[in-house]
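Below is upload.txt, which holds compact mmCIF, C-alpha atoms.
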```
# COMPACT_ATOMS: atom_id res chain seq x y z
CA MET V 1 -37.29 -12.52 15.22
CA TRP V 2 -36.54 -8.81 15.10
CA ASP V 3 -39.89 -7.24 14.39
CA VAL V 4 -38.60 -3.76 15.06
CA SER V 5 -37.74 -0.83 12.87
CA ASP V 6 -34.35 -0.23 11.30
CA GLU V 7 -34.11 2.91 13.39
CA ALA V 8 -34.67 1.02 16.64
CA LEU V 9 -32.02 -1.51 15.73
CA PHE V 10 -29.70 1.29 14.74
CA ALA V 11 -30.12 2.88 18.15
CA GLY V 12 -28.95 -0.38 19.67
CA PHE V 13 -26.14 -0.63 17.15
CA ALA V 14 -24.98 2.88 18.03
CA SER V 15 -25.15 2.34 21.77
CA GLY V 16 -23.33 -0.96 21.70
CA ASP V 17 -26.09 -3.48 22.26
CA PRO V 18 -24.62 -6.66 20.74
CA ALA V 19 -27.89 -8.34 19.80
CA ALA V 20 -29.35 -5.24 18.19
CA ALA V 21 -26.07 -4.53 16.43
CA ALA V 22 -25.91 -8.02 14.98
CA ALA V 23 -29.51 -7.78 13.85
CA PHE V 24 -28.92 -4.36 12.31
CA VAL V 25 -25.88 -5.48 10.35
CA ARG V 26 -27.51 -8.68 9.17
CA ARG V 27 -30.69 -6.88 8.14
CA LEU V 28 -28.87 -4.35 5.97
CA GLU V 29 -25.75 -6.19 4.86
CA ARG V 30 -27.26 -7.26 1.54
CA LYS V 31 -28.25 -3.69 0.67
CA VAL V 32 -24.89 -2.27 1.72
CA TYR V 33 -22.81 -4.93 0.04
CA GLY V 34 -25.00 -4.82 -3.06
CA LEU V 35 -24.54 -1.08 -3.51
CA ALA V 36 -20.81 -1.35 -2.83
CA LEU V 37 -20.50 -4.10 -5.42
CA ALA V 38 -22.52 -2.12 -7.96
CA ILE V 39 -20.11 0.80 -7.66
CA VAL V 40 -16.70 -0.79 -7.17
CA GLY V 41 -17.32 -3.91 -9.24
CA ASP V 42 -14.90 -6.16 -7.36
CA PRO V 43 -16.24 -8.50 -4.61
CA GLY V 44 -13.16 -8.10 -2.44
CA ASP V 45 -13.22 -4.33 -2.61
CA ALA V 46 -16.98 -4.36 -2.14
CA GLN V 47 -16.59 -6.30 1.08
CA ASP V 48 -14.02 -3.81 2.37
CA VAL V 49 -16.25 -0.89 1.39
CA ALA V 50 -19.31 -2.45 3.00
CA GLN V 51 -17.44 -3.12 6.22
CA GLU V 52 -16.09 0.40 6.29
CA ALA V 53 -19.58 1.78 5.72
CA PHE V 54 -20.92 0.00 8.79
CA VAL V 55 -17.95 1.09 10.85
CA ARG V 56 -18.34 4.68 9.70
CA ALA V 57 -22.04 4.52 10.55
CA TRP V 58 -21.12 3.38 14.04
CA ARG V 59 -18.50 6.08 14.43
CA PHE V 60 -20.79 8.80 13.10
CA ALA V 61 -24.02 7.47 14.56
CA ASP V 62 -24.74 10.74 16.28
CA SER V 63 -24.89 12.55 12.96
CA PHE V 64 -27.91 10.56 11.82
CA ASP V 65 -31.01 12.74 11.75
CA GLU V 66 -34.15 10.70 11.24
CA ARG V 67 -36.07 13.81 10.25
CA ARG V 68 -34.12 13.82 7.00
CA GLY V 69 -34.72 10.25 5.99
CA SER V 70 -34.45 6.60 6.90
CA VAL V 71 -31.41 5.09 8.53
CA ALA V 72 -31.11 2.66 5.62
CA ALA V 73 -30.87 5.55 3.16
CA TRP V 74 -28.35 7.30 5.40
CA LEU V 75 -26.25 4.16 5.67
CA LEU V 76 -26.35 3.68 1.92
CA GLY V 77 -25.24 7.29 1.45
CA ILE V 78 -22.21 6.47 3.57
CA THR V 79 -21.69 3.33 1.52
CA ARG V 80 -21.77 5.29 -1.73
CA ASN V 81 -19.21 7.77 -0.44
CA SER V 82 -16.97 4.95 0.78
CA ALA V 83 -17.28 3.21 -2.57
CA LEU V 84 -16.46 6.39 -4.47
CA ASP V 85 -13.41 6.89 -2.24
CA CYS V 86 -12.34 3.36 -3.14
CA VAL V 87 -12.89 3.88 -6.86
CA ARG V 88 -11.10 7.22 -6.88
CA GLY V 89 -8.25 5.81 -4.83
CA ARG V 90 -7.45 3.10 -7.31
CA GLY V 91 -8.48 4.96 -10.45
CA ARG V 92 -11.81 4.70 -12.15
CA ARG V 93 -12.79 1.15 -12.97
CA ALA V 94 -13.07 0.28 -16.62
CA LEU V 95 -16.72 -0.01 -17.45
CA PRO V 96 -17.87 -1.95 -20.45
CA THR V 97 -19.84 0.16 -22.84
CA ALA V 98 -22.64 -2.37 -22.59
CA GLU V 99 -23.15 -1.49 -18.94
CA LEU V 100 -25.30 1.46 -19.91
CA PRO V 101 -28.04 1.33 -20.76
CA ALA V 102 -28.38 -1.62 -18.45
CA GLU V 103 -30.33 -4.70 -19.28
CA ALA V 104 -33.55 -5.67 -17.57
CA GLY V 105 -33.31 -7.86 -14.52
CA ALA V 106 -30.00 -6.74 -13.11
CA ASP V 107 -30.73 -3.15 -14.03
CA PRO V 108 -31.02 -0.93 -10.97
CA THR V 109 -33.02 1.48 -13.10
CA ASP V 110 -35.59 -1.17 -13.97
CA VAL V 111 -38.34 0.07 -11.71
CA ASP V 112 -40.62 -2.90 -12.19
CA GLU V 113 -37.86 -5.24 -11.12
CA VAL V 114 -36.97 -3.02 -8.22
CA VAL V 115 -40.52 -2.95 -6.88
CA GLY V 116 -40.42 -6.61 -6.13
CA ARG V 117 -37.20 -6.34 -4.18
CA HIS V 118 -37.80 -3.22 -2.16
CA ASP V 119 -41.17 -2.83 -0.56
CA ASP V 120 -39.65 -0.44 1.93
CA ALA V 121 -38.58 1.84 -0.90
CA SER V 122 -41.98 1.96 -2.50
CA ARG V 123 -42.25 5.70 -2.08
CA VAL V 124 -39.03 6.30 -3.97
CA VAL V 125 -39.94 3.69 -6.53
CA ALA V 126 -43.23 5.42 -7.22
CA LEU V 127 -41.49 8.74 -7.67
CA MET V 128 -38.81 7.24 -9.87
CA ARG V 129 -41.53 5.68 -11.98
CA GLU V 130 -42.97 9.12 -12.59
CA LEU V 131 -39.70 10.44 -13.98
CA PRO V 132 -39.03 10.45 -17.72
CA ALA V 133 -36.90 7.43 -18.60
CA GLY V 134 -33.87 9.50 -19.55
CA GLN V 135 -33.89 11.35 -16.27
CA ARG V 136 -34.43 8.18 -14.25
CA GLU V 137 -31.58 6.37 -15.96
CA ALA V 138 -29.19 9.29 -15.59
CA LEU V 139 -29.96 9.69 -11.90
CA ALA V 140 -29.67 5.96 -11.28
CA ALA V 141 -26.33 5.79 -13.04
CA VAL V 142 -24.91 8.59 -10.93
CA THR V 143 -26.30 7.39 -7.61
CA LEU V 144 -26.50 3.60 -7.89
CA GLN V 145 -23.45 3.05 -10.05
CA GLY V 146 -21.37 5.94 -8.79
CA LEU V 147 -20.67 7.35 -12.22
CA SER V 148 -19.91 10.96 -12.95
CA THR V 149 -22.11 12.75 -15.47
CA ARG V 150 -19.20 12.78 -17.88
CA GLU V 151 -18.82 9.01 -17.58
CA VAL V 152 -22.52 8.57 -18.22
CA SER V 153 -22.17 10.76 -21.26
CA GLU V 154 -19.21 8.78 -22.58
CA LEU V 155 -20.94 5.45 -22.00
CA THR V 156 -24.24 6.39 -23.53
CA GLY V 157 -23.22 8.87 -26.20
CA ILE V 158 -25.64 11.42 -24.77
CA PRO V 159 -24.19 14.94 -24.68
CA HIS V 160 -22.67 15.81 -21.32
CA GLY V 161 -24.83 18.87 -20.91
CA THR V 162 -27.94 16.80 -21.48
CA VAL V 163 -26.89 14.26 -18.88
CA LYS V 164 -26.24 16.98 -16.33
CA THR V 165 -29.60 18.57 -17.00
CA ARG V 166 -31.37 15.24 -16.67
CA VAL V 167 -29.68 14.45 -13.36
CA ARG V 168 -30.50 17.86 -11.97
CA LEU V 169 -34.12 17.74 -13.02
CA ALA V 170 -34.54 14.20 -11.77
CA LEU V 171 -33.12 14.86 -8.35
CA ARG V 172 -35.20 18.02 -7.93
CA ARG V 173 -38.37 16.24 -8.92
CA LEU V 174 -37.58 13.41 -6.57
CA ARG V 175 -36.82 15.75 -3.69
CA ASP V 176 -40.02 17.71 -4.28
CA GLY V 177 -41.99 14.49 -4.41
CA LEU V 178 -40.48 13.19 -1.20
CA GLU V 179 -41.21 16.44 0.59
CA ASP V 180 -44.79 16.49 -0.65
CA ARG V 181 -45.41 13.01 0.66
CA VAL V 182 -43.88 13.42 4.09
CA PRO V 183 -46.76 13.02 6.57
CA MET R 1 -13.25 23.35 -15.86
CA THR R 2 -13.76 23.87 -19.52
CA THR R 3 -17.38 22.86 -19.12
CA GLU R 4 -18.02 25.38 -16.35
CA PRO R 5 -16.92 28.69 -17.84
CA THR R 6 -18.27 30.81 -15.00
CA LEU R 7 -18.04 30.37 -11.28
CA PRO R 8 -21.36 30.29 -9.43
CA THR R 9 -21.89 33.36 -7.29
CA THR R 10 -25.62 34.09 -7.34
CA CYS R 11 -28.47 32.10 -5.84
CA GLU R 12 -29.71 31.32 -9.31
CA GLU R 13 -26.36 29.92 -10.39
CA VAL R 14 -25.88 27.92 -7.21
CA ARG R 15 -29.42 26.56 -7.32
CA GLU R 16 -28.72 25.24 -10.77
CA LEU R 17 -25.69 23.39 -9.43
CA ALA R 18 -27.29 22.31 -6.16
CA PRO R 19 -28.01 18.74 -7.37
CA ASP R 20 -24.38 18.40 -8.44
CA ILE R 21 -23.24 19.57 -5.01
CA ALA R 22 -25.60 17.15 -3.30
CA LEU R 23 -24.35 14.27 -5.43
CA GLY R 24 -20.68 15.15 -4.93
CA LEU R 25 -20.19 15.83 -8.61
CA LEU R 26 -18.51 19.21 -8.35
CA THR R 27 -14.79 19.66 -7.96
CA GLY R 28 -12.18 22.38 -7.86
CA GLU R 29 -12.91 26.04 -7.98
CA VAL R 30 -16.52 25.61 -9.06
CA ARG R 31 -17.19 23.59 -5.92
CA ALA R 32 -15.27 26.10 -3.81
CA ALA R 33 -17.27 28.98 -5.26
CA ALA R 34 -20.53 27.15 -4.66
CA LEU R 35 -19.59 26.39 -1.06
CA ALA R 36 -18.59 30.00 -0.55
CA HIS R 37 -22.09 30.99 -1.60
CA LEU R 38 -23.66 28.39 0.67
CA GLU R 39 -21.71 29.91 3.52
CA ARG R 40 -23.74 33.07 3.10
CA CYS R 41 -27.07 31.71 1.97
CA GLY R 42 -29.23 29.59 4.23
CA ALA R 43 -31.87 29.04 1.55
CA CYS R 44 -29.41 27.55 -0.92
CA ARG R 45 -27.84 25.51 1.87
CA ALA R 46 -31.21 24.04 2.79
CA ASP R 47 -31.82 23.31 -0.87
CA VAL R 48 -28.61 21.29 -1.11
CA ALA R 49 -29.30 19.43 2.13
CA GLY R 50 -32.74 18.41 0.93
CA LEU R 51 -31.37 17.21 -2.37
CA ALA R 52 -28.66 15.20 -0.62
CA SER R 53 -31.26 13.43 1.49
CA ALA R 54 -33.30 12.68 -1.64
CA ALA R 55 -30.20 11.26 -3.30
CA ASP R 56 -29.70 8.96 -0.31
CA GLU R 57 -33.27 7.72 -0.70
CA VAL R 58 -32.53 6.65 -4.28
CA LEU R 59 -29.88 4.33 -2.92
CA LEU R 60 -32.63 2.20 -1.39
CA LEU R 61 -33.16 0.95 -4.93
CA ALA R 62 -29.66 -0.46 -5.21
CA PRO R 63 -29.45 -4.11 -6.20
CA GLU R 64 -28.93 -6.37 -3.23
CA ALA R 65 -26.20 -8.96 -3.07
CA THR R 66 -25.21 -11.53 -0.49
CA PRO R 67 -21.84 -10.80 1.08
CA PRO R 68 -19.39 -13.62 1.80
CA PRO R 69 -20.14 -15.82 4.82
CA GLY R 70 -19.09 -14.32 8.12
CA PHE R 71 -19.33 -10.74 6.88
CA ALA R 72 -21.54 -9.52 9.72
CA ASP R 73 -19.30 -11.14 12.33
CA ARG R 74 -16.28 -9.44 10.81
CA VAL R 75 -18.03 -6.08 10.89
CA LEU R 76 -19.03 -6.51 14.51
CA GLY R 77 -15.58 -7.75 15.38
CA ARG R 78 -13.98 -4.76 13.71
CA ILE R 79 -16.18 -2.35 15.61
CA ALA R 80 -15.45 -4.15 18.87
CA GLU R 81 -11.76 -3.99 18.06
CA LEU R 82 -11.92 -0.26 17.45
CA GLY R 83 -13.84 0.43 20.63
CA GLY R 84 -11.47 -1.69 22.70
CA THR R 85 -8.38 -0.18 21.17
CA GLU R 86 -9.41 3.41 21.54
CA VAL R 87 -10.15 3.23 25.25
CA ALA R 88 -7.55 0.58 26.06
CA ALA R 89 -10.32 -1.55 27.46
CA PRO R 90 -9.25 -4.65 29.35
CA ALA R 91 -9.70 -7.96 27.60
CA PRO R 92 -13.11 -9.49 28.24
CA ALA R 93 -13.17 -11.69 31.29
CA GLY R 94 -15.13 -14.34 29.49
CA ALA R 95 -16.12 -14.80 25.90
CA GLY R 96 -19.82 -14.65 25.16
CA ARG R 97 -21.68 -16.77 22.67
CA GLY R 98 -20.86 -16.48 19.00
CA ALA R 99 -20.10 -12.93 18.00
CA GLY R 100 -20.96 -11.94 21.54
CA GLY R 101 -17.38 -12.52 22.57
CA THR R 102 -16.24 -9.43 20.79
CA ALA R 103 -19.56 -7.71 21.04
CA SER R 104 -19.64 -7.97 24.81
CA ARG R 105 -16.23 -6.34 24.90
CA TRP R 106 -17.65 -3.66 22.68
CA ARG R 107 -20.57 -3.19 25.08
CA ARG R 108 -18.10 -2.67 27.88
CA ALA R 109 -15.99 -0.39 25.78
CA ARG R 110 -18.74 1.99 24.73
CA PRO R 111 -19.44 3.41 28.21
CA LEU R 112 -15.70 3.68 28.70
CA LEU R 113 -15.41 5.41 25.36
CA ALA R 114 -18.14 7.81 26.35
CA ALA R 115 -16.50 8.41 29.72
CA ALA R 116 -13.16 8.97 28.04
CA ALA R 117 -14.77 11.37 25.63
CA VAL R 118 -16.27 13.33 28.52
CA LEU R 119 -12.89 13.44 30.23
CA VAL R 120 -11.24 14.61 27.05
CA VAL R 121 -13.92 17.25 26.61
CA LEU R 122 -13.47 18.37 30.19
CA ALA R 123 -9.73 18.45 29.70
CA GLY R 124 -10.25 20.48 26.58
CA VAL R 125 -12.56 22.88 28.36
CA LEU R 126 -10.05 23.23 31.17
CA GLY R 127 -7.33 23.70 28.61
CA LEU R 128 -9.27 26.46 26.95
CA ALA R 129 -9.95 28.08 30.30
CA LEU R 130 -6.31 27.86 31.35
CA ALA R 131 -5.16 29.18 28.02
CA ARG R 132 -7.54 32.08 28.34
CA SER R 133 -6.37 32.84 31.85
CA ARG R 134 -2.86 33.27 30.56
CA ASP R 135 -3.88 35.44 27.65
CA ASP R 136 -4.73 39.07 27.49
CA ALA R 137 -8.14 40.53 28.22
CA PRO R 138 -9.58 40.15 24.67
CA ALA R 139 -9.56 36.34 25.08
CA THR R 140 -12.05 36.47 27.96
CA PRO R 141 -15.06 34.54 26.72
CA VAL R 142 -18.28 36.42 26.33
CA ALA R 143 -20.34 33.34 25.66
CA THR R 144 -19.78 29.60 25.60
CA ALA R 145 -21.67 26.48 24.65
CA GLU R 146 -21.22 22.76 24.62
CA MET R 147 -21.06 21.28 21.13
CA GLN R 148 -23.69 18.58 21.06
CA THR R 149 -24.83 16.07 18.49
CA GLY R 150 -28.45 15.74 17.47
CA ARG R 151 -28.82 13.11 20.15
CA GLY R 152 -27.56 15.37 22.88
CA ARG R 153 -24.11 13.88 23.22
CA THR R 154 -21.53 16.48 24.21
CA VAL R 155 -18.52 16.23 21.94
CA GLY R 156 -16.80 19.56 22.47
CA GLU R 157 -17.06 23.20 23.38
CA VAL R 158 -17.19 26.58 21.71
CA ALA R 159 -16.28 29.95 23.19
CA VAL R 160 -16.50 33.44 21.69
CA SER R 161 -14.63 36.52 22.80
CA GLY R 162 -13.77 40.00 21.61
CA ALA R 163 -15.73 43.14 20.86
CA GLY R 164 -15.18 42.84 17.12
CA PRO R 165 -13.75 41.16 15.35
CA ALA R 166 -14.81 38.29 17.56
CA THR R 167 -12.71 35.20 18.11
CA VAL R 168 -14.54 31.89 17.89
CA GLU R 169 -12.73 28.95 19.49
CA VAL R 170 -14.08 25.50 18.75
CA GLN R 171 -12.74 22.37 20.33
CA VAL R 172 -13.91 18.88 19.43
CA PRO R 173 -11.44 16.57 21.18
CA GLU R 174 -12.36 13.43 19.29
CA TRP R 175 -12.21 15.14 15.93
CA ASP R 176 -8.58 14.61 15.09
CA ALA R 177 -8.86 10.90 15.77
CA LEU R 178 -11.95 10.68 13.61
CA VAL R 179 -10.29 12.47 10.74
CA ASP R 180 -7.10 10.47 11.10
CA ARG R 181 -9.03 7.25 10.97
CA TRP R 182 -11.85 8.00 8.58
CA GLY R 183 -10.74 10.81 6.33
CA THR R 184 -13.45 13.38 5.94
CA GLY R 185 -16.26 11.42 7.48
CA PRO R 186 -19.42 10.08 5.95
CA SER R 187 -20.23 13.05 3.81
CA GLY R 188 -16.88 14.76 3.54
CA ASP R 189 -15.72 18.37 3.55
CA TYR R 190 -16.55 19.42 7.08
CA HIS R 191 -16.98 23.07 7.87
CA VAL R 192 -17.67 25.13 10.94
CA ALA R 193 -20.84 27.17 10.44
CA ILE R 194 -21.04 30.34 12.52
CA GLU R 195 -24.51 31.84 12.64
CA LEU R 196 -25.10 35.36 13.86
CA HIS R 197 -28.24 36.66 15.53
CA ASP R 198 -29.03 38.72 12.43
CA GLY R 199 -29.24 35.53 10.37
CA THR R 200 -25.85 35.83 8.71
CA ARG R 201 -24.19 32.47 8.36
CA LEU R 202 -20.44 32.12 7.86
CA LEU R 203 -18.75 28.90 6.81
CA ARG R 204 -15.14 28.12 7.67
CA PRO R 205 -13.37 24.93 6.61
CA VAL R 206 -12.36 22.47 9.31
CA PRO R 207 -8.60 21.88 9.01
CA ASP R 208 -7.53 18.71 7.28
CA ALA R 209 -6.44 15.68 9.27
CA GLY R 210 -3.47 16.59 11.41
CA GLY R 211 -4.73 20.12 11.83
CA GLY R 212 -5.67 19.47 15.42
CA ASP R 213 -9.01 19.41 17.15
CA ALA R 214 -9.11 23.02 18.35
CA TRP R 215 -9.88 25.65 15.76
CA THR R 216 -9.94 29.41 16.01
CA PHE R 217 -11.82 31.67 13.63
CA THR R 218 -12.25 35.41 13.37
CA VAL R 219 -15.63 36.98 12.70
CA GLU R 220 -16.18 40.59 11.71
CA ALA R 221 -18.75 41.13 14.42
CA PRO R 222 -18.82 41.45 18.20
CA ALA R 223 -18.83 38.22 20.18
CA GLU R 224 -22.35 38.92 21.41
CA ALA R 225 -23.56 38.69 17.82
CA VAL R 226 -22.68 35.01 17.50
CA ALA R 227 -25.76 32.85 18.05
CA THR R 228 -24.77 29.29 17.18
CA VAL R 229 -21.75 27.39 15.97
CA SER R 230 -22.05 24.06 14.20
CA VAL R 231 -19.87 21.51 12.45
CA VAL R 232 -21.52 20.57 9.15
CA ASP R 233 -20.63 18.29 6.30
CA GLY R 234 -20.46 19.14 2.61
CA ALA R 235 -24.17 18.57 2.18
CA GLY R 236 -25.04 20.91 5.02
CA ARG R 237 -25.90 18.20 7.52
CA VAL R 238 -25.09 19.10 11.11
CA TRP R 239 -22.64 16.88 12.96
CA CYS R 240 -22.69 18.84 16.20
CA SER R 241 -23.84 22.26 17.28
CA GLY R 242 -23.73 24.69 20.17
CA ARG R 243 -26.09 27.57 20.97
CA LEU R 244 -24.05 30.22 22.75
CA LEU R 245 -25.08 31.53 26.14
CA PRO R 246 -23.50 34.52 27.91
CA VAL R 247 -20.90 33.62 30.51
```

Represent the structure contained in this file as C-alpha cells.
Amino acid sequence: MWDVSDEALFAGFASGDPAAAAAFVRRLERKVYGLALAIVGDPGDAQDVAQEAFVRAWRFADSFDERRGSVAAWLLGITRNSALDCVRGRGRRALPTAELPAEAGADPTDVDEVVGRHDDASRVVALMRELPAGQREALAAVTLQGLSTREVSELTGIPHGTVKTRVRLALRRLRDGLEDRVP
Amino acid sequence: MTTEPTLPTTCEEVRELAPDIALGLLTGEVRAAALAHLERCGACRADVAGLASAADEVLLLAPEATPPPGFADRVLGRIAELGGTEVAAPAPAGAGRGAGGTASRWRRARPLLAAAAVLVVLAGVLGLALARSRDDAPATPVATAEMQTGRGRTVGEVAVSGAGPATVEVQVPEWDALVDRWGTGPSGDYHVAIELHDGTRLLRPVPDAGGGDAWTFTVEAPAEAVATVSVVDGAGRVWCSGRLLPV
C-alpha cells in the first residue's frame, strides 16, 4: 500500500499527515519495539520506550539529517538512548551470564540470521560480516543490547581493555566501510 | 575512573576515545575532558559525528518484535495529545475514521504549533531588542541571525555584540519546553557551538532544564569575528544553526 521510502513517510509523520504518520509508525514499530525490548528486557518498559522514541522523533524531526544516514537508523538511535535512560533510571537489569555469547537464532550478532530479516540493512550486514567475530560481538553487545564495555567484560570474562579495544576497532572499521560505500 | 588514568587532551588521545564518545560510553571527567577538546577541534568532532552515525546504522540489525496490539494507535494518539495540549487547540469538530480522530486534531494542531512557535520567536526577538534598547551601548548587536533547523524551520535567534570580548545571545523559545518534557533530547548533552571566521570553534553547554531558553555567552574575540552559532548534541549533530549577518 505504501510503496514509498521511509524518509518520505517520515516527512509526512513530521508534518502531521495522519495517513503517512500511521504508515511510518506501523512500518517501523517492530524494529523500534524489538530494539527497546532487547535493551530493557521487560515488555511493558519496552512499550513505553518505543512510544517515547516515536514521540521524540516527532518532536525532534527537524534534527534529522538524511546525509548522515537513514531515518530508520536515526530513529533506532533515539530508541537506544531512550532505552538506556530507562535502564539507568531503574538500575541496570540483571543479565543472565548465558546471555553472552548469545545463541544462534535469537542472537543479534548472528549475521546469517540477520541477513534474512533485514534486507534494508544489507550494507551494514556485509560490513559486520567482514569484522572479526570478537569485534562484531563486542560492538553488537554495546549497541544492540545496550551494555557497557565493563558489563560485556563481566559477562564474557574477556578483559575490559580488550573489550574496549574491540568495540573501538569495530566501530571505526564500520564507519570507514560505510563512508567508502556511500555513492 | 581507575581505568582511565589520564584525561584526554590531545587529538591522538581523543581519537582513541572517539568511539566511546559516539556510543555514549564515557562518563565523568574523562567525558568532560573529551568534550572540551571537541570544542576546539573540528576534525575530532567530525570523527565522533561519523562514528555516531555508524553506530546508529548497526541498530538496523536489532531483532524485531511485535508490539502489543494497538501500539501504533497509542503512539499517534500520544503525539496528537501533545500537539493539542501545547497549542491549546480546540477539540476536533468531528472525529475522523479510526486513528484519524486524534490524528486529524494533530493535523490541525501542527500549523497552530508552528504559528505559535513563530509568535514565540518573534516575541523573543522583540524581547531581545527591547532588552538591548534599555541596556548600555555594548549590547548593541553587531550581527544577528535566525536559528534554523536543517529543514529551514526558524526556531530562535542569535545576536552578537561587543568589540571584545563579544557577547553572544542565543534564544530558542521552545527549548525550555523541550528540555522539560524530554530531558536532553534524542542524543543528549546539548551545547552551543560558536564558530569564528578564523575556524576556531568554541563549545558552551546549554543550561540544564529550568535554565531558561535564552543563553548568553562571552567570547574572547570581537563580535565581528563570530561566523556561525549552532546548537549541537553530544555526538556533534546540529539541531539548529544561524549564520551571522551584520546588522

Item checked: Residues near Ala23 (chain V), cut-off 12 Å, all atoms listed in the file, skip fewer than 2 positions along chain, as an MDAnalysis selection string -> (chainID V and resid 1:13 17:21 25:29) or (chainID R and resid 72:73 75:76 99)

Checklist line | Nearest-residue call for Ala145 (chain R), choices R:Gly42, R:Gly162, R:Gly242, R:Pro67, using all atoms listed in the file | finding: R:Gly242

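With all atoms listed in the file as the atoms that count, the minimum distance from chain R to the choices V:Arg123, V:Arg136, V:Arg175, V:Lys164 is reached by V:Arg175.
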
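Across the structure, CA of Ala133 (chain V) and CA of Thr165 (chain V) are spaced 13.4 Å apart.
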
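Once Val172 (chain R) and its same-chain neighbours fewer than 5 positions away are set aside, Val121, Gly124, Met147, Val155, Gly156, Glu157, Val158, Asp213, Ala214 and Trp215 of chain R remain within 9 Å of it when counting all atoms listed in the file.
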
Residues of region 143-170 of chain V within 10 Å of region 63-87 of chain V: nearest atom pair and distance (Å, one decimal) for each, counting only C-alpha atoms, sorted by chain and number, as JSON lines?
```
{"residue": "V:Thr143", "atom": "CA", "partner": "V:Arg80", "partner_atom": "CA", "distance": 7.7}
{"residue": "V:Leu144", "atom": "CA", "partner": "V:Arg80", "partner_atom": "CA", "distance": 7.9}
{"residue": "V:Gln145", "atom": "CA", "partner": "V:Arg80", "partner_atom": "CA", "distance": 8.8}
{"residue": "V:Gly146", "atom": "CA", "partner": "V:Leu84", "partner_atom": "CA", "distance": 6.6}
{"residue": "V:Leu147", "atom": "CA", "partner": "V:Leu84", "partner_atom": "CA", "distance": 8.9}
```

Got time to write the residues from that selection, C-alpha atoms, as a PDB file, in the frame of the given file?
```
ATOM      1  CA  THR V 143     -26.300   7.390  -7.610  1.00  0.00           C
ATOM      2  CA  LEU V 144     -26.500   3.600  -7.890  1.00  0.00           C
ATOM      3  CA  GLN V 145     -23.450   3.050 -10.050  1.00  0.00           C
ATOM      4  CA  GLY V 146     -21.370   5.940  -8.790  1.00  0.00           C
ATOM      5  CA  LEU V 147     -20.670   7.350 -12.220  1.00  0.00           C
TER       6      LEU V 147
END
```

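The spacing separating CA of Thr228 (chain R) from CA of Ala43 (chain R) amounts to 17.2 Å.
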
Item checked: Close residues, Leu174 (chain V) itself excluded, 7 Å, only C-alpha atoms, min 3 positions apart in chain, as number ranges by chain -> V: 127, 170-171, 177-178; R: 54

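From CA of Thr9 (chain R) back to CA of His37 (chain R), the distance works out to 6.2 Å.
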
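Candidate residues R:Val231, R:Leu244, R:Val170, R:Ile79 were compared for distance to chain V, and the nearest is R:Ile79, using all atoms listed in the file.
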
Note to self: as a PyMOL selection string, please: the residues near Asp45 (chain V) (cut-off 10 Å, only C-alpha atoms, same-chain neighbours under 5 positions excluded).
What the structure shows: chain V and resi 33+36-37+39-40+50-51+83+86-87

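For the set V:Glu130, V:Asp180, V:Asp42, V:Asp62, the residue with the smallest atom-to-atom gap to chain R is V:Asp62, counting all atoms listed in the file.
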
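When all atoms listed in the file are used to compute distances to chain V, the closest of the residues R:Glu12, R:Glu169, R:Asp20, R:Asp198 turns out to be R:Asp20.
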